[in-house]
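Engineer: Dumping the structure here so I can ask a few things about it.
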Amino acid sequence: MRLPHGAFDVVAAAVDAGITVFDTARAYGDNERFLAEALRRCGGGECARVVTKGGMTRVGETWVPDGRAKSLRVDCEASLEALDGLPIDLYLIHAPDPRTPWATSLRALARLVEDGLVRRVGVANVDRRRLDEALELAPVAAVQVALSPVDERALRGGVVERCEERGIAVLAHSPLGGPRRSARVIRELGAERALAWLLALSPVVIPIPGARRVETVRSAAHAVTLTLTEDERAAIGGARSSPRVRATAGDVVVVMGVPGAGKTRLAESFVERGYERLNRDERAGSLRELAGALDDALSSGARSVVLDNTYLTRASRSYVVEAADRYALRARCVWIDTPLAQAQVNLVERLLDRFGELPMPEQLRSTREPGLLSPTSQMRAVRELEPPSDDEGFAAVERVAFERAAGSGGAAVFVAAAAAAGYTPDDPAVPHLVFDWHPGGDRSALDAAVDALRASGARVESALCPHGAGPPVCWCRPPLPGLPLAFARAHSVDPARSVVVGAGTAHRTLAAALGARFVPV
């Protein structure tokens, strides 16, 4: 087999420089075969520690995680075959798969060690929450995450800290910032100084720079010999600050919760008490830029500030805590503990306020207005959310139970088409909505249900979700609450005073979200 141009020289230079850790992955095409041949040709096979990854496929330009137990096993066996006798020192799952329970993937990893296929296992591209879950279910020996002077999320998010506590290696991929930012890092810092900064962060951090030239390998090896001063380290990256000093007057409050949790209303109550509110949706820009605005406000004398965007990660919140620390202020978090179903109701109400009706998927995709999310976007945020904790620097984390304000209006009956045949109206004068979901828009079952209810003298309207299966792209597909809420608004109905007539768990879930009484048929 022929190695890619220059590949042998790069591997040989790495072996000659004393480098022993070689990182690859099943998803990188024939990379594993190339590496195995190069290590044998240069005599580095016996000393090499091969790190490879599975659970990822490449579809065109898209990376698609596949964390199923069977897939991880197949990938691992294929990697062993490609390495042609070289052992796998460390096998990583390439990234969490949102379609597969994380616990399933972790138990599959653990079995690879138990069955003797690999020496050790670990996880890659995880946050602190995913890492903590992994530590409970698999013998995690290493974590691979992006970490560089221009990407401190693993440091700010507590991944490095947890690995230090457990003595787990942190393999820092993209240590120069990745393809889009490496040129700037090299120009402003120099590759060797950037790598030296990573090495100085912690004894557990191991940078794994990608190298396509012999000169790059030699530069990376030389970084081990550099020693940076404290001032140089602080100038390159500032995530590890000095011990915090708390003041007694004033504070910075982060109002947290899932998208649609009700953060705005709570933040407004702080404004009424004299707090200055900073909100990215009103200012545009990023959360990182909002932290800069916070710093400006504090430097101008503000001492009571509230922020209420969706801070999903520990890393994004770290900038707020850091800014408060610089001005000797307490940073505290108020967490609105809103169930997902109630947050969905809030988002639908927000969309109805904005559009006057339920937006179709095309409108949801095209809108760029903050807070107007699709169901999949909201659910993705819920999956990625790292709940707040005291150990990330907050002086306190206060949890507030969600309470829906009392509504107004009359009652209605929401009837699932599948349950209409067994339902007889108690009060035909009450407005009735018959709803259904049928991909493609077939209304035959819905129209039959409407006709049957109208024959009993009931006031009936109908609503159909015609959108396809799979992850929901609309808010009208039951048990999402869009259709009943749109009807309730049009008819001045209070969902909490209403009834849902249904035929299964999905309809019971819908009733609970609306606060309505559920009548099974």
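Letters A, B, ... mark the chains of the structure tokens in the order given; residue numbers begin at 1 per chain; ligand numbers begin at 1, in order shown.
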Within range 392-472 of chain A, find each residue whose DSSP state, derived from the backbone, is strand (DSSP E), and express the selection as an mmCIF file with C-alpha atoms, in the first residue's frame.
Structural biologist:
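Generated file (part_10.cif):
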```cif
data_model
loop_
_atom_site.group_PDB
_atom_site.id
_atom_site.type_symbol
_atom_site.label_atom_id
_atom_site.label_comp_id
_atom_site.auth_asym_id
_atom_site.auth_seq_id
_atom_site.Cartn_x
_atom_site.Cartn_y
_atom_site.Cartn_z
ATOM 1 C CA ALA A 396 -25.566 30.747 45.161
ATOM 2 C CA VAL A 397 -27.838 28.809 42.829
ATOM 3 C CA GLU A 398 -31.512 29.409 43.575
ATOM 4 C CA ARG A 399 -34.145 27.175 42.009
ATOM 5 C CA VAL A 400 -37.566 28.660 41.323
ATOM 6 C CA ALA A 401 -40.484 26.365 40.513
ATOM 7 C CA VAL A 413 -63.255 20.553 24.392
ATOM 8 C CA PHE A 414 -60.271 19.359 22.346
ATOM 9 C CA VAL A 415 -61.097 16.019 20.724
ATOM 10 C CA ALA A 416 -58.509 13.793 19.068
ATOM 11 C CA PRO A 431 -66.791 25.105 21.418
ATOM 12 C CA HIS A 432 -65.184 21.874 20.213
ATOM 13 C CA LEU A 433 -61.950 21.391 18.283
ATOM 14 C CA VAL A 434 -61.329 18.078 16.534
ATOM 15 C CA PHE A 435 -57.647 17.716 15.721
ATOM 16 C CA ASP A 436 -55.570 15.143 13.876
ATOM 17 C CA TRP A 437 -52.150 14.504 12.393
ATOM 18 C CA ARG A 459 -70.179 23.495 17.747
ATOM 19 C CA VAL A 460 -67.199 21.992 15.980
ATOM 20 C CA GLU A 461 -64.108 23.216 14.165
ATOM 21 C CA SER A 462 -61.264 21.077 12.873
ATOM 22 C CA ALA A 463 -57.501 21.391 12.564
ATOM 23 C CA LEU A 464 -55.021 19.091 10.862
ATOM 24 C CA CYS A 465 -51.251 18.804 11.034
#
```
Engineer: Pick out the residues sitting within 12 Å of Ala315 in chain A, and hand them over as a ChimeraX atom specification; count only C-alpha atoms, and ignore anything fewer than 3 positions along from it in its own chain.
Structural biologist: /A:127-129,151-160,239,287-288,291,311-312,318-322,385-388,392-393
Engineer: Please report as a tab-separated table every residue of range 339-405 of chain A lying within 12 Å of range 506-513 of chain A, along with the nearest atom pair and their distance in Å (one decimal), using only C-alpha atoms.
Structural biologist:
```
residue	atom	partner	partner_atom	distance
A:Pro339	CA	A:Ala513	CA	9.2
A:Leu340	CA	A:Ala513	CA	9.0
A:Ala341	CA	A:Ala513	CA	5.3
A:Gln342	CA	A:Ala513	CA	5.8
A:Ala343	CA	A:Ala513	CA	9.2
A:Gln344	CA	A:Ala513	CA	8.3
A:Val345	CA	A:Ala513	CA	7.1
A:Asn346	CA	A:Ala513	CA	10.3
A:Val348	CA	A:Ala513	CA	11.8
A:Arg404	CA	A:Ala513	CA	10.9
```
Engineer: Please return as a VMD selection string: the residues of range 12-165 of chain A that backbone DSSP assigns to helix (DSSP H, G or I).
Structural biologist: chain A and resid 12 to 16 31 to 41 69 to 83 102 to 114 128 to 137 153 to 156 159 to 165
Engineer: If you count only C-alpha atoms, which residues fall within 6 Å of range 483-496 of chain A, apart from same-chain ones fewer than 4 positions away, as a PyMOL selection string?
Structural biologist: chain A and resi 407-411+476+514-516
Engineer: Can I get the selection written as a tab-separated table (two decimals), in the first residue's frame, with C-alpha atoms?
Structural biologist:
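This is the output file result.tsv:
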```tsv
chain	number	residue	atom	x	y	z
A	407	GLY	CA	-55.75	32.47	32.54
A	408	SER	CA	-59.06	33.95	31.52
A	409	GLY	CA	-61.81	32.84	29.20
A	410	GLY	CA	-64.26	30.01	28.93
A	411	ALA	CA	-63.96	26.27	28.48
A	476	CYS	CA	-49.05	21.67	15.30
A	514	LEU	CA	-52.38	22.55	28.71
A	515	GLY	CA	-53.44	22.05	32.33
A	516	ALA	CA	-56.67	20.57	30.98
```
Engineer: Between CA of Ser374 in chain A and CA of Pro98 in chain A, what is the distance, to one decimal in Å?
Structural biologist: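 Between CA of Ser374 in chain A and CA of Pro98 in chain A the gap is 17.0 Å.
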Engineer: I'd like to know which of A:Leu294, A:Leu112, A:Leu278, A:Ala134 is closest to Asp308 in chain A, using only C-alpha atoms.
Structural biologist: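 Result for the nearest residue to Asp308 in chain A: A:Leu278.
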Engineer: I'd like to know which of A:Val521, A:Ala417, A:Ala328, A:Ala82 is closest to Asp447 in chain A, using only C-alpha atoms.
Structural biologist: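 Of the candidates, the smallest distance to Asp447 in chain A is held by A:Ala417.
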Engineer: Pick the closest to Ala405 in chain A from A:Arg120, A:Arg265, A:Ser299, A:Thr57: which is it, counting only C-alpha atoms?
Structural biologist: A:Arg265
Engineer: Per residue of range 143-245 of chain A within 12 Å of range 24-42 of chain A, record the nearest atom pair and its distance in Å to one decimal, counting only C-alpha atoms, with rows in chain order and ascending residue number, as a tab-separated table.
Structural biologist:
```
residue	atom	partner	partner_atom	distance
A:Gln144	CA	A:Thr24	CA	11.8
A:His173	CA	A:Thr24	CA	11.1
A:Ile208	CA	A:Thr24	CA	10.4
A:Pro209	CA	A:Thr24	CA	11.6
A:Gly210	CA	A:Thr24	CA	10.0
A:Ala211	CA	A:Thr24	CA	11.9
```
Engineer: Just checking: using only C-alpha atoms, which residue out of A:Gly54, A:Gly285, A:Gly45, A:Pro359 ends up closest to Ala12 in chain A?
Structural biologist: A:Gly45
Engineer: Counting only C-alpha atoms, what is within 9 Å of Pro175 in chain A, bar same-chain residues fewer than 3 positions away, as a list in words?
Structural biologist: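 After dropping sequence-adjacent residues, the list is Ala146, Leu147, Ser148, Pro149, Val150, Asp151, Ala172, Gly178, Ser182, Ala191, Ala194, Leu195, Leu198, Pro207, Ile208, Pro209 and Gly210 of chain A.
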Engineer: Which residues are close to Ile168 in chain A, i.e. within 10 Å by only C-alpha atoms, leaving aside same-chain residues fewer than 6 positions away? Reply as a list of chain:residue names.
Structural biologist: A:Gly122, A:Val140, A:Ala141, A:Ala142, A:Val143, A:Val160, A:Glu161, A:Arg162, A:Pro203, A:Val204, A:Val205
Engineer: Pick the closest to Glu357 in chain A from A:Tyr423, A:Trp475, A:Tyr327, A:Trp197: which is it, counting only C-alpha atoms?
Structural biologist: A:Trp475
